[in-house]
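Pasting target_2.cif here (mmCIF, C-alpha atoms):
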```cif
data_input
#
loop_
_atom_site.label_atom_id
_atom_site.label_comp_id
_atom_site.auth_asym_id
_atom_site.auth_seq_id
_atom_site.Cartn_x
_atom_site.Cartn_y
_atom_site.Cartn_z
CA MET Z 12 45.23 37.07 -21.25
CA ILE Z 13 42.32 36.33 -23.59
CA SER Z 14 42.62 32.55 -23.53
CA GLY Z 15 42.53 32.53 -19.73
CA LEU Z 16 39.45 34.76 -19.73
CA VAL Z 17 37.74 32.52 -22.30
CA GLN Z 18 38.50 29.49 -20.14
CA ILE Z 19 36.97 31.15 -17.06
CA LEU Z 20 33.89 32.34 -18.99
CA LEU Z 21 33.32 28.85 -20.41
CA PHE Z 22 33.41 27.33 -16.92
CA GLN Z 23 31.13 30.12 -15.66
CA GLY Z 24 28.68 29.33 -18.46
CA LEU Z 25 28.83 25.63 -17.68
CA GLY Z 26 28.21 26.40 -13.99
CA GLU Z 27 25.20 28.60 -14.78
CA LEU Z 28 23.68 25.87 -16.96
CA VAL Z 29 24.18 23.15 -14.33
CA SER Z 30 22.78 25.47 -11.62
CA LYS Z 31 19.74 26.36 -13.73
CA PHE Z 32 18.81 22.85 -14.76
CA ALA Z 33 20.20 20.48 -12.12
CA LEU Z 34 21.35 22.13 -8.85
CA PRO Z 35 19.24 25.28 -8.34
CA LEU Z 36 20.34 25.81 -4.71
CA ILE Z 37 24.03 26.22 -5.58
CA PRO Z 38 25.10 29.46 -7.30
CA GLY Z 39 26.31 28.88 -10.86
CA PRO Z 40 29.74 30.50 -10.32
CA VAL Z 41 30.46 28.12 -7.41
CA ILE Z 42 29.71 25.14 -9.67
CA GLY Z 43 31.96 26.74 -12.31
CA LEU Z 44 34.71 27.19 -9.70
CA THR Z 45 34.48 23.53 -8.65
CA ALA Z 46 34.52 22.35 -12.28
CA LEU Z 47 37.55 24.54 -13.10
CA LEU Z 48 39.33 23.25 -9.98
CA GLY Z 49 38.62 19.65 -11.07
CA PHE Z 50 39.93 20.47 -14.55
CA LEU Z 51 43.16 21.99 -13.14
CA LEU Z 52 43.73 19.03 -10.80
CA ALA Z 53 43.20 16.58 -13.68
CA ARG Z 54 45.54 18.56 -15.93
CA GLY Z 55 48.16 19.15 -13.24
CA SER Z 56 49.19 22.66 -14.35
CA ILE Z 57 47.86 26.21 -14.86
CA GLY Z 58 48.28 28.03 -18.17
CA ALA Z 59 50.16 31.35 -17.88
CA SER Z 60 47.18 33.25 -19.28
CA LEU Z 61 44.73 31.77 -16.79
CA ASP Z 62 47.14 32.49 -13.95
CA LEU Z 63 47.41 36.13 -15.05
CA VAL Z 64 43.64 36.66 -15.34
CA ALA Z 65 42.93 34.96 -11.99
CA GLY Z 66 45.69 37.01 -10.34
CA THR Z 67 44.19 40.26 -11.67
CA PHE Z 68 40.74 39.31 -10.43
CA SER Z 69 41.90 38.36 -6.95
CA GLN Z 70 43.97 41.52 -6.64
CA HIS Z 71 40.97 43.75 -7.37
CA LEU Z 72 38.14 41.56 -6.12
CA GLY Z 73 37.00 44.39 -3.83
CA LEU Z 74 36.20 46.66 -6.79
CA LEU Z 75 33.52 44.22 -7.89
CA PHE Z 76 31.46 44.45 -4.65
CA ILE Z 77 31.20 48.25 -4.79
CA PRO Z 78 28.02 48.53 -6.93
CA ALA Z 79 26.08 46.20 -4.62
CA ALA Z 80 27.56 47.56 -1.41
CA VAL Z 81 26.59 51.15 -2.29
CA GLY Z 82 22.98 49.94 -1.89
CA VAL Z 83 23.67 50.20 1.85
CA VAL Z 84 22.30 53.76 1.57
CA MET Z 85 18.84 52.22 1.30
CA PHE Z 86 19.32 50.13 4.45
CA LEU Z 87 20.63 52.88 6.73
CA PRO Z 88 17.44 53.32 8.82
CA GLN Z 89 17.18 49.55 9.34
CA LEU Z 90 20.86 49.27 10.27
CA GLN Z 91 20.58 52.16 12.71
CA THR Z 92 17.68 50.49 14.51
CA HIS Z 93 19.62 47.24 14.89
CA ALA Z 94 23.12 48.70 15.18
CA VAL Z 95 23.98 46.99 18.46
CA ALA Z 96 22.86 43.55 17.27
CA VAL Z 97 24.79 43.92 14.00
CA ILE Z 98 28.02 45.11 15.62
CA VAL Z 99 27.96 42.48 18.38
CA ALA Z 100 27.18 39.72 15.86
CA LEU Z 101 29.95 40.76 13.45
CA VAL Z 102 32.67 41.27 16.07
CA ALA Z 103 31.86 38.19 18.17
CA SER Z 104 31.47 35.97 15.12
CA VAL Z 105 34.84 36.87 13.62
CA ILE Z 106 36.65 36.42 16.97
CA LEU Z 107 34.94 33.07 17.62
CA THR Z 108 35.64 31.82 14.10
CA ILE Z 109 39.35 32.66 14.25
CA ALA Z 110 39.66 31.16 17.76
CA VAL Z 111 37.79 27.92 16.97
CA THR Z 112 39.65 27.33 13.69
CA ALA Z 113 43.05 28.01 15.25
CA LEU Z 114 42.34 25.85 18.31
CA ILE Z 115 41.28 22.89 16.15
CA LEU Z 116 44.44 23.22 14.04
CA LYS Z 117 46.62 23.45 17.15
CA THR Z 118 44.99 20.42 18.78
CA PHE Z 119 45.16 18.26 15.65
CA ALA Z 120 48.68 19.30 14.75
CA GLY Z 121 49.84 17.92 18.12
CA GLY Z 122 53.63 17.82 18.24
CA GLU Z 123 53.99 19.19 14.71
CA ASP Z 124 55.82 22.46 14.04
CA ASN Z 125 54.19 24.69 16.60
CA GLY Z 126 57.04 27.16 16.57
CA ASP Z 127 57.64 29.69 13.87
CA MET W 6 33.79 80.53 -27.62
CA GLY W 7 31.25 79.70 -24.94
CA THR W 8 28.29 80.55 -27.11
CA ASN W 9 28.40 77.33 -29.13
CA LEU W 10 28.57 75.04 -26.12
CA PRO W 11 25.34 73.28 -25.16
CA PRO W 12 23.95 74.35 -21.77
CA ILE W 13 25.43 72.53 -18.78
CA ALA W 14 22.04 70.99 -17.96
CA GLU W 15 21.98 69.30 -21.34
CA ILE W 16 25.46 67.84 -20.87
CA TRP W 17 24.38 66.60 -17.47
CA VAL W 18 21.22 64.92 -18.82
CA TYR W 19 23.29 63.20 -21.49
CA LEU W 20 25.96 62.01 -19.05
CA SER W 21 23.65 60.77 -16.31
CA GLY W 22 21.62 58.82 -18.87
CA SER W 23 24.54 56.64 -19.92
CA PRO W 24 26.23 53.93 -17.89
CA LEU W 25 29.47 55.86 -18.22
CA LEU W 26 28.84 58.15 -15.24
CA ALA W 27 28.23 55.25 -12.85
CA LEU W 28 31.29 53.44 -14.19
CA ILE W 29 33.54 56.51 -13.88
CA LEU W 30 32.25 57.10 -10.35
CA THR W 31 32.82 53.48 -9.28
CA LEU W 32 36.32 53.11 -10.71
CA THR W 33 37.51 56.57 -9.65
CA ALA W 34 36.26 56.00 -6.11
CA TYR W 35 38.04 52.64 -5.98
CA GLN W 36 41.24 54.21 -7.32
CA ALA W 37 40.99 56.88 -4.61
CA GLY W 38 40.40 54.17 -1.99
CA VAL W 39 43.50 52.25 -3.14
CA LEU W 40 45.61 55.44 -3.04
CA VAL W 41 44.52 56.24 0.53
CA TYR W 42 45.15 52.63 1.56
CA GLU W 43 48.68 52.71 0.10
CA LYS W 44 49.37 56.13 1.69
CA LEU W 45 48.41 54.74 5.12
CA ASN W 46 50.80 51.77 4.79
CA ARG W 47 48.01 49.32 4.01
CA ASN W 48 46.35 49.78 7.37
CA PRO W 49 43.37 47.39 7.32
CA LEU W 50 41.12 50.09 8.77
CA ALA W 51 41.65 52.17 5.61
CA ASN W 52 40.03 49.47 3.47
CA PRO W 53 39.84 50.64 -0.16
CA VAL W 54 36.39 49.09 -0.71
CA ALA W 55 34.93 50.76 2.39
CA ILE W 56 36.40 54.12 1.30
CA ALA W 57 35.06 53.70 -2.24
CA VAL W 58 31.57 52.80 -0.98
CA LEU W 59 31.54 55.92 1.22
CA ILE W 60 32.62 58.10 -1.71
CA VAL W 61 30.09 56.66 -4.17
CA ALA W 62 27.23 56.67 -1.65
CA SER W 63 27.92 60.31 -0.74
CA ALA W 64 28.29 61.30 -4.39
CA ILE W 65 25.00 59.78 -5.56
CA THR W 66 23.18 61.24 -2.54
CA LEU W 67 24.69 64.65 -3.30
CA ILE W 68 23.71 64.70 -6.98
CA GLY W 69 20.32 63.13 -6.22
CA MET W 70 20.87 60.01 -8.33
CA PRO W 71 18.61 57.15 -7.20
CA TYR W 72 20.50 53.96 -6.29
CA GLY W 73 18.62 51.99 -8.97
CA LYS W 74 19.83 54.40 -11.63
CA TYR W 75 23.43 54.13 -10.40
CA PHE W 76 23.27 50.34 -10.37
CA GLU W 77 21.96 50.28 -13.96
CA GLY W 78 25.31 51.66 -15.04
CA ALA W 79 27.50 49.94 -12.45
CA GLN W 80 26.01 46.51 -13.18
CA PHE W 81 28.78 45.89 -15.72
CA VAL W 82 31.27 45.85 -12.85
CA HIS W 83 28.85 43.84 -10.70
CA PHE W 84 28.46 41.20 -13.42
CA LEU W 85 32.16 40.31 -13.20
CA LEU W 86 31.65 38.98 -9.65
CA GLY W 87 30.58 35.61 -11.08
CA THR W 88 33.62 35.48 -13.32
CA ALA W 89 35.88 36.39 -10.40
CA THR W 90 34.29 33.64 -8.31
CA VAL W 91 35.14 31.01 -10.94
CA SER W 92 38.72 32.29 -11.01
CA LEU W 93 39.08 31.48 -7.26
CA ALA W 94 39.78 27.92 -8.48
CA VAL W 95 43.34 29.05 -9.25
CA PRO W 96 44.42 30.00 -5.67
CA ILE W 97 42.74 26.85 -4.32
CA TYR W 98 44.63 24.77 -6.88
CA LYS W 99 47.89 26.46 -5.87
CA GLY W 100 47.25 25.73 -2.20
CA TYR W 101 46.23 22.17 -2.93
CA SER W 102 49.66 20.66 -2.22
CA ALA W 103 49.46 22.28 1.23
CA LEU W 104 46.06 20.68 1.75
CA HIS W 105 47.47 17.35 0.72
CA GLU W 106 50.11 17.40 3.48
CA ARG W 107 47.73 18.27 6.32
CA MET W 108 44.42 17.06 4.97
CA LEU W 109 42.79 15.95 8.24
CA PRO W 110 43.47 18.94 10.54
CA LEU W 111 42.67 21.42 7.77
CA LEU W 112 39.36 19.83 6.86
CA VAL W 113 38.23 19.45 10.48
CA ALA W 114 39.22 23.07 11.20
CA LEU W 115 37.42 24.22 8.06
CA ILE W 116 34.19 22.49 9.10
CA GLY W 117 34.44 23.61 12.74
CA GLY W 118 35.38 27.18 11.87
CA GLY W 119 32.85 27.35 9.04
CA ALA W 120 30.01 26.14 11.27
CA THR W 121 31.04 28.63 13.98
CA SER W 122 31.01 31.53 11.56
CA ILE W 123 27.68 30.61 9.94
CA LEU W 124 25.84 29.99 13.23
CA SER W 125 27.39 32.54 15.59
CA ALA W 126 26.68 35.74 13.63
CA ALA W 127 23.09 34.90 12.71
CA GLY W 128 22.37 33.31 16.11
CA LEU W 129 23.64 36.32 18.07
CA ALA W 130 21.84 38.83 15.89
CA ARG W 131 18.60 36.94 16.24
CA LEU W 132 19.06 36.68 20.00
CA LEU W 133 19.52 40.46 20.13
CA GLY W 134 16.31 40.98 18.19
CA ALA W 135 17.58 41.95 14.73
CA ASP W 136 15.00 41.68 11.96
CA PRO W 137 14.93 38.74 9.51
CA ALA W 138 16.50 40.71 6.62
CA ILE W 139 19.60 41.36 8.73
CA VAL W 140 19.75 37.80 10.12
CA GLY W 141 19.47 36.37 6.57
CA ALA W 142 22.34 38.52 5.35
CA LEU W 143 24.44 37.49 8.38
CA TYR W 144 24.04 33.83 7.44
CA ALA W 145 25.39 34.51 3.98
CA LYS W 146 28.21 36.89 5.01
CA SER W 147 30.27 34.14 6.58
CA VAL W 148 31.92 33.32 3.24
CA THR W 149 33.89 35.44 0.78
CA ALA W 150 31.74 38.27 -0.65
CA PRO W 151 31.41 37.13 -4.29
CA ILE W 152 30.14 33.70 -3.20
CA ALA W 153 28.17 35.17 -0.28
CA MET W 154 26.19 37.39 -2.62
CA GLY W 155 25.20 34.45 -4.82
CA VAL W 156 24.18 32.51 -1.72
CA ALA W 157 22.19 35.54 -0.46
CA GLU W 158 20.11 35.53 -3.64
CA ARG W 159 19.40 31.81 -3.17
CA ILE W 160 18.21 32.18 0.43
CA GLY W 161 16.21 35.35 -0.22
CA ALA W 162 18.58 37.67 1.68
CA SER W 163 19.78 41.06 0.44
CA PRO W 164 23.03 40.84 -1.56
CA THR W 165 23.73 44.44 -0.56
CA LEU W 166 23.64 43.80 3.20
CA THR W 167 25.58 40.59 2.64
CA ALA W 168 28.34 42.40 0.76
CA VAL W 169 28.55 45.13 3.40
CA PHE W 170 28.68 42.58 6.25
CA ALA W 171 31.27 40.47 4.42
CA VAL W 172 33.52 43.51 3.91
CA CYS W 173 33.10 44.53 7.60
CA THR W 174 33.93 40.97 8.65
CA GLY W 175 37.08 41.03 6.52
CA ILE W 176 38.21 44.34 8.03
CA LEU W 177 37.48 43.18 11.60
CA GLY W 178 39.31 39.90 11.01
CA ALA W 179 42.34 41.67 9.54
CA VAL W 180 42.47 44.11 12.48
CA LEU W 181 41.70 41.70 15.36
CA GLY W 182 43.19 38.50 13.94
CA ARG W 183 46.68 38.69 15.44
CA TYR W 184 45.39 39.38 18.96
CA VAL W 185 42.98 36.44 18.85
CA LEU W 186 45.67 34.16 17.42
CA ASP W 187 48.20 35.22 20.06
CA PHE W 188 45.56 34.74 22.75
CA VAL W 189 44.84 31.12 21.74
CA GLY W 190 48.55 30.50 21.24
CA ALA W 191 48.54 29.57 17.54
CA ARG W 192 52.08 30.43 16.45
CA ALA W 193 52.72 28.41 13.27
CA TRP W 194 52.22 30.49 10.10
CA TRP W 195 50.08 27.85 8.42
CA GLN W 196 47.70 27.77 11.39
CA ARG W 197 47.49 31.55 11.61
CA GLY W 198 46.91 31.93 7.86
CA PHE W 199 44.29 29.22 7.65
CA ALA W 200 42.30 30.61 10.61
CA ILE W 201 42.33 34.12 9.09
CA GLY W 202 41.27 32.77 5.68
CA VAL W 203 38.29 30.92 7.17
CA ALA W 204 37.16 33.94 9.21
CA ALA W 205 38.14 37.02 7.23
CA HIS W 206 37.97 36.04 3.53
CA GLY W 207 39.70 38.14 0.89
CA ILE W 208 40.65 41.09 3.09
CA GLY W 209 42.13 38.77 5.72
CA THR W 210 43.91 36.79 3.02
CA SER W 211 45.63 39.80 1.51
CA ARG W 212 46.63 40.81 5.03
CA ALA W 213 48.04 37.30 5.62
CA PHE W 214 50.07 37.51 2.38
CA SER W 215 51.57 40.80 3.51
CA VAL W 216 52.66 39.25 6.82
CA HIS W 217 54.08 35.93 5.59
CA PRO W 218 53.80 34.02 2.26
CA GLU W 219 53.03 30.69 3.95
CA ALA W 220 50.21 32.32 5.93
CA GLY W 221 48.89 33.81 2.68
CA THR W 222 48.85 30.50 0.80
CA TYR W 223 46.96 28.79 3.63
CA ALA W 224 44.61 31.76 3.97
CA SER W 225 43.62 31.72 0.30
CA LEU W 226 43.14 27.95 0.43
CA ALA W 227 40.89 28.38 3.49
CA MET W 228 38.94 31.22 1.89
CA GLY W 229 38.22 29.20 -1.26
CA LEU W 230 37.29 25.97 0.52
CA HIS W 231 35.11 27.85 2.99
CA GLY W 232 33.36 29.49 0.04
CA ILE W 233 32.53 26.13 -1.54
CA LEU W 234 31.46 24.64 1.80
CA GLY W 235 29.32 27.69 2.60
CA ALA W 236 27.58 27.61 -0.78
CA LEU W 237 26.64 23.98 -0.11
CA LEU W 238 25.71 24.32 3.58
CA ILE W 239 24.21 27.77 4.13
CA PRO W 240 20.96 27.09 2.18
CA ALA W 241 20.51 23.87 4.19
CA VAL W 242 21.23 25.58 7.53
CA VAL W 243 18.79 28.38 6.68
CA SER W 244 16.03 25.92 5.81
CA TRP W 245 16.55 24.11 9.15
CA PHE W 246 16.68 27.19 11.37
CA GLY W 247 14.47 29.37 9.19
#
```
Give the structure from the file, written as C-alpha cells.
Amino acid sequence: MISGLVQILLFQGLGELVSKFALPLIPGPVIGLTALLGFLLARGSIGASLDLVAGTFSQHLGLLFIPAAVGVVMFLPQLQTHAVAVIVALVASVILTIAVTALILKTFAGGEDNGD
Amino acid sequence: MGTNLPPIAEIWVYLSGSPLLALILTLTAYQAGVLVYEKLNRNPLANPVAIAVLIVASAITLIGMPYGKYFEGAQFVHFLLGTATVSLAVPIYKGYSALHERMLPLLVALIGGGATSILSAAGLARLLGADPAIVGALYAKSVTAPIAMGVAERIGASPTLTAVFAVCTGILGAVLGRYVLDFVGARAWWQRGFAIGVAAHGIGTSRAFSVHPEAGTYASLAMGLHGILGALLIPAVVSWFG
C-alpha cells in the first residue's frame, strides 16, 4: 500500500514542478498522470501496491469532490437565474457527446463486430 | 456527574475550531450517500456524491458554519484530488491493450466526442444568455471532475461550479446513456462503453462496469484519455472563443 502511494506522490510532485516551471497551462496532476503512464508503459507491468492504491482512489473518487462541490451553496442565486440555460446545456451536451462518439465508432468499425 | 462537564457551548467552540468537524461531516455524509445508493440498487439517480453534497450543504447552513470555515477543515480531503488524478494512469494503462487493437476509431471518436462535449455545453449556455462564470465552468466540466477542477483554476473558472456540473453530467450520462446508444444503434459493448466514458466520466464508467466488464474497460480508457486531451485543449479553446 505505502510503496504505491509513494510512487503516486512522487509523480504528483514531479508533475507540479514541471507545471510550475515549464508548462503553466497544464495542471500538475495531469502531467504527473502522463509521466506515470509513460513509466508503466516502459516498465510493462503494475506493482501490486500501486494497483491497490489506484483501485481505492478510483472506487471513492466521488468523496474527493465533496468539499469543493458543497460550495454550490454560494452559487445558488446565480444558478437559479440561469437554471434553464444550465439544464439545457448539460442535458443536450451529454446526449450529443454520447451520440457523436458512438456514431464515429460505428462508422469506423465498419463490418467489425457490431453485434453483442 | 453533569456538574464537572464543560458547558455545551464550550465543547461546540472547541469542535468547530478544528478540522475534525468538517472531516467527520464530509466522510459521514459520503458514507450515508453510499448506503442509500446501495439500498436503491445502485440507481444512478441516487448518486452518493450528490446525496453527500446535499447533506453537508444543509448541515452547514443549519449550524450557521460559513463555507470558507468548512472548507478549511475539508481541504485535507480536497487535496487528495491531485493524487487521485495521477492514479488515473493505472486504468488507462490497463485499457491500453484495447487501445492498441482499435487505435484509429478510438482516437477519432475521442477527438470528435471530446470536441462536441467541450463546445456544445458552453456554446448552448452562452446562446441562452448564461453569465461568463457559468459558461467558463461548462467548458471545464466536459472532462472527469478531478482534472476538470484543475483546468477550471487555469482558465479562471470556479472549481465549485465545475465539480457540480461534472457530477450532474455523469449522472445524466449514466441515466440517459442506454437510450441514446440504442437510438444511434451502437450495440457492441466496446462502442457503448467508450461513448459513455467520453461523455459521462467516472459516474458513467462505474455504471458501464456494472453492465459489462468490456464496456467498463473501454469507458475508463475513454475517461482517462479524454481527461488528458481536455487538459491540453480546453485552455486553448477558451482563449480562442473567450
task: Take atom CA of Z:Lys31 and atom CA of W:Tyr101 and report the distance between them in Å, one decimal.
output: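 Going from atom CA of Z:Lys31 over to atom CA of W:Tyr101, I get 28.9 Å.
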- request: Would you list the residues near (45.5, 14.2, 13.7) (no more than 7 Å away, in the coordinates of the file, using all atoms listed in the file) as number ranges by chain?
  value: Z: 119-120; W: 109-110
Could the residues in this selection be saved with C-alpha atoms as a short mmCIF file (atom, residue, chain, number, x, y, z; two decimals), in the coordinates of the input?
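This went into part-v9.cif:
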```
data_model
loop_
_atom_site.label_atom_id
_atom_site.label_comp_id
_atom_site.auth_asym_id
_atom_site.auth_seq_id
_atom_site.Cartn_x
_atom_site.Cartn_y
_atom_site.Cartn_z
CA PHE Z 119 45.16 18.26 15.65
CA ALA Z 120 48.68 19.30 14.75
CA LEU W 109 42.79 15.95 8.24
CA PRO W 110 43.47 18.94 10.54
#
```
task: Might you spell out which residues the PyMOL selection byres ((chain Z and resi 80) around 12) would select in the displayed file, as a PyMOL selection string?
output: (chain Z and resi 73-79+81-87) or (chain W and resi 31+54-62+72+75-76+79-80+83+150-151+154+163-173)
- request: List the neighbours of stretch 105-111 of chain Z out to 8 Å using all atoms listed in the file; skip same-chain residues closer than 2 positions along the sequence, and give me the result as a PyMOL selection string.
  value: (chain Z and resi 101-103+113-115) or (chain W and resi 114+117-119+121-122+125+174+177-178+181-182+185-186+189+200-201+203-205)
- request: I need the residue set behind the PyMOL selection byres ((chain W and resi 145) around 7) for this file; please write it as a ChimeraX atom specification.
  value: /W:141-144,146-148,153,156-157,167,239
Can you write just those residues out, C-alpha atoms, as a CSV table (one decimal), in the coordinates of the input?
```csv
chain,number,residue,atom,x,y,z
W,141,GLY,CA,19.5,36.4,6.6
W,142,ALA,CA,22.3,38.5,5.4
W,143,LEU,CA,24.4,37.5,8.4
W,144,TYR,CA,24.0,33.8,7.4
W,146,LYS,CA,28.2,36.9,5.0
W,147,SER,CA,30.3,34.1,6.6
W,148,VAL,CA,31.9,33.3,3.2
W,153,ALA,CA,28.2,35.2,-0.3
W,156,VAL,CA,24.2,32.5,-1.7
W,157,ALA,CA,22.2,35.5,-0.5
W,167,THR,CA,25.6,40.6,2.6
W,239,ILE,CA,24.2,27.8,4.1
```
task: Using all atoms listed in the file, determine which residues lie at most 8 Å from stretch 35-37 of chain Z, disregarding the query and same-chain residues fewer than 6 positions distant; provide the list as a PyMOL selection string.
output: chain W and resi 156+159+236-237+240
Write out, as a PDB file, in the coordinates of the input, the residues just selected, with C-alpha atoms.
```pdb
ATOM      1  CA  VAL W 156      24.180  32.510  -1.720  1.00  0.00           C
ATOM      2  CA  ARG W 159      19.400  31.810  -3.170  1.00  0.00           C
ATOM      3  CA  ALA W 236      27.580  27.610  -0.780  1.00  0.00           C
ATOM      4  CA  LEU W 237      26.640  23.980  -0.110  1.00  0.00           C
ATOM      5  CA  PRO W 240      20.960  27.090   2.180  1.00  0.00           C
TER       6      PRO W 240
END
```
- request: List, as JSON, numbers by chain, every residue that the PyMOL selection byres ((chain Z and resi 48) around 8) selects in the file provided.
  value: {"Z": [44, 45, 46, 47, 49, 50, 51, 52], "W": [94, 95, 97, 98]}
field: d(atom CA of W:Leu111, atom CA of W:Leu226) in Å
entry: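 Between these atoms lies a distance of 9.8 Å.
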task: For atom CA of Z:Gly26 and atom CA of Z:Leu61, determine how far apart the two atoms are, in Å to one decimal place.
output: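 According to the coordinates, atom CA of Z:Gly26 and atom CA of Z:Leu61 are separated by 17.6 Å.
Counting all atoms listed in the file, the residue from W:Thr90, W:Asn46, W:Ser23, W:Gln36 that sits nearest to Z:Ile19 is W:Thr90.
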Long-range neighbours of W:Arg131 as a tab-separated table (two decimals) with C-alpha atoms, in the coordinates of the input, 8 Å cut-off, only C-alpha atoms, 6 positions minimum in chain:
```
chain	number	residue	atom	x	y	z
Z	96	ALA	CA	22.86	43.55	17.27
W	137	PRO	CA	14.93	38.74	9.51
W	140	VAL	CA	19.75	37.80	10.12
```
Hey, what's within 8 Å of Z:Val97 if we count all atoms listed in the file and toss same-chain stuff fewer than 5 positions away? As an mmCIF file with C-alpha atoms, in the frame of the given file, please?
```cif
data_model
loop_
_atom_site.group_PDB
_atom_site.id
_atom_site.type_symbol
_atom_site.label_atom_id
_atom_site.label_comp_id
_atom_site.auth_asym_id
_atom_site.auth_seq_id
_atom_site.Cartn_x
_atom_site.Cartn_y
_atom_site.Cartn_z
ATOM 1 C CA LEU Z 90 20.860 49.270 10.270
ATOM 2 C CA ALA W 130 21.840 38.830 15.890
ATOM 3 C CA ALA W 135 17.580 41.950 14.730
ATOM 4 C CA ILE W 139 19.600 41.360 8.730
#
```
query: Which of these, W:Ala227, W:Val180, W:Leu40, W:Val82, has the shortest distance to chain Z once you count all atoms listed in the file?
result: W:Val82
field: Distance criterion (all atoms listed in the file): nearest to Z:Leu20 out of Z:Val64, Z:Ile57, Z:Leu116, Z:Ala100
entry: Z:Val64
field: Closest of Z:Ala94, Z:Val99, Z:Ile13, Z:Val41 to Z:Glu27 - atom-to-atom distances counting all atoms listed in the file
entry: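 Using all atoms listed in the file, Z:Glu27 sits closest to Z:Val41.
Residue nearest chain W within the list Z:Leu72, Z:Ala59, Z:Leu34, Z:Leu28: Z:Leu72 [criterion: smallest interatomic distance, only C-alpha atoms].
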message: Give me the residues near W:Ala224 as a list in words, where near means some atom within 7 Å (using all atoms listed in the file) and where sequence neighbours in that chain fewer than 4 positions away do not count.
response: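 That gives Gly198, Phe199, Ile201, Gly202, Thr210, Ala213, Ala220 and Met228 of chain W.
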For the selection you just gave me, I'd like the residues written to a file as a PDB file, in the frame of the given file, keeping C-alpha atoms.
```
ATOM      1  CA  GLY W 198      46.910  31.930   7.860  1.00  0.00           C
ATOM      2  CA  PHE W 199      44.290  29.220   7.650  1.00  0.00           C
ATOM      3  CA  ILE W 201      42.330  34.120   9.090  1.00  0.00           C
ATOM      4  CA  GLY W 202      41.270  32.770   5.680  1.00  0.00           C
ATOM      5  CA  THR W 210      43.910  36.790   3.020  1.00  0.00           C
ATOM      6  CA  ALA W 213      48.040  37.300   5.620  1.00  0.00           C
ATOM      7  CA  ALA W 220      50.210  32.320   5.930  1.00  0.00           C
ATOM      8  CA  MET W 228      38.940  31.220   1.890  1.00  0.00           C
TER       9      MET W 228
END
```
query: Nearest to chain Z: which of W:Ile176, W:Leu85, W:Leu26, W:Leu230 is it, counting all atoms listed in the file?
result: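 That would be W:Leu85, the residue with the smallest distance to chain Z.
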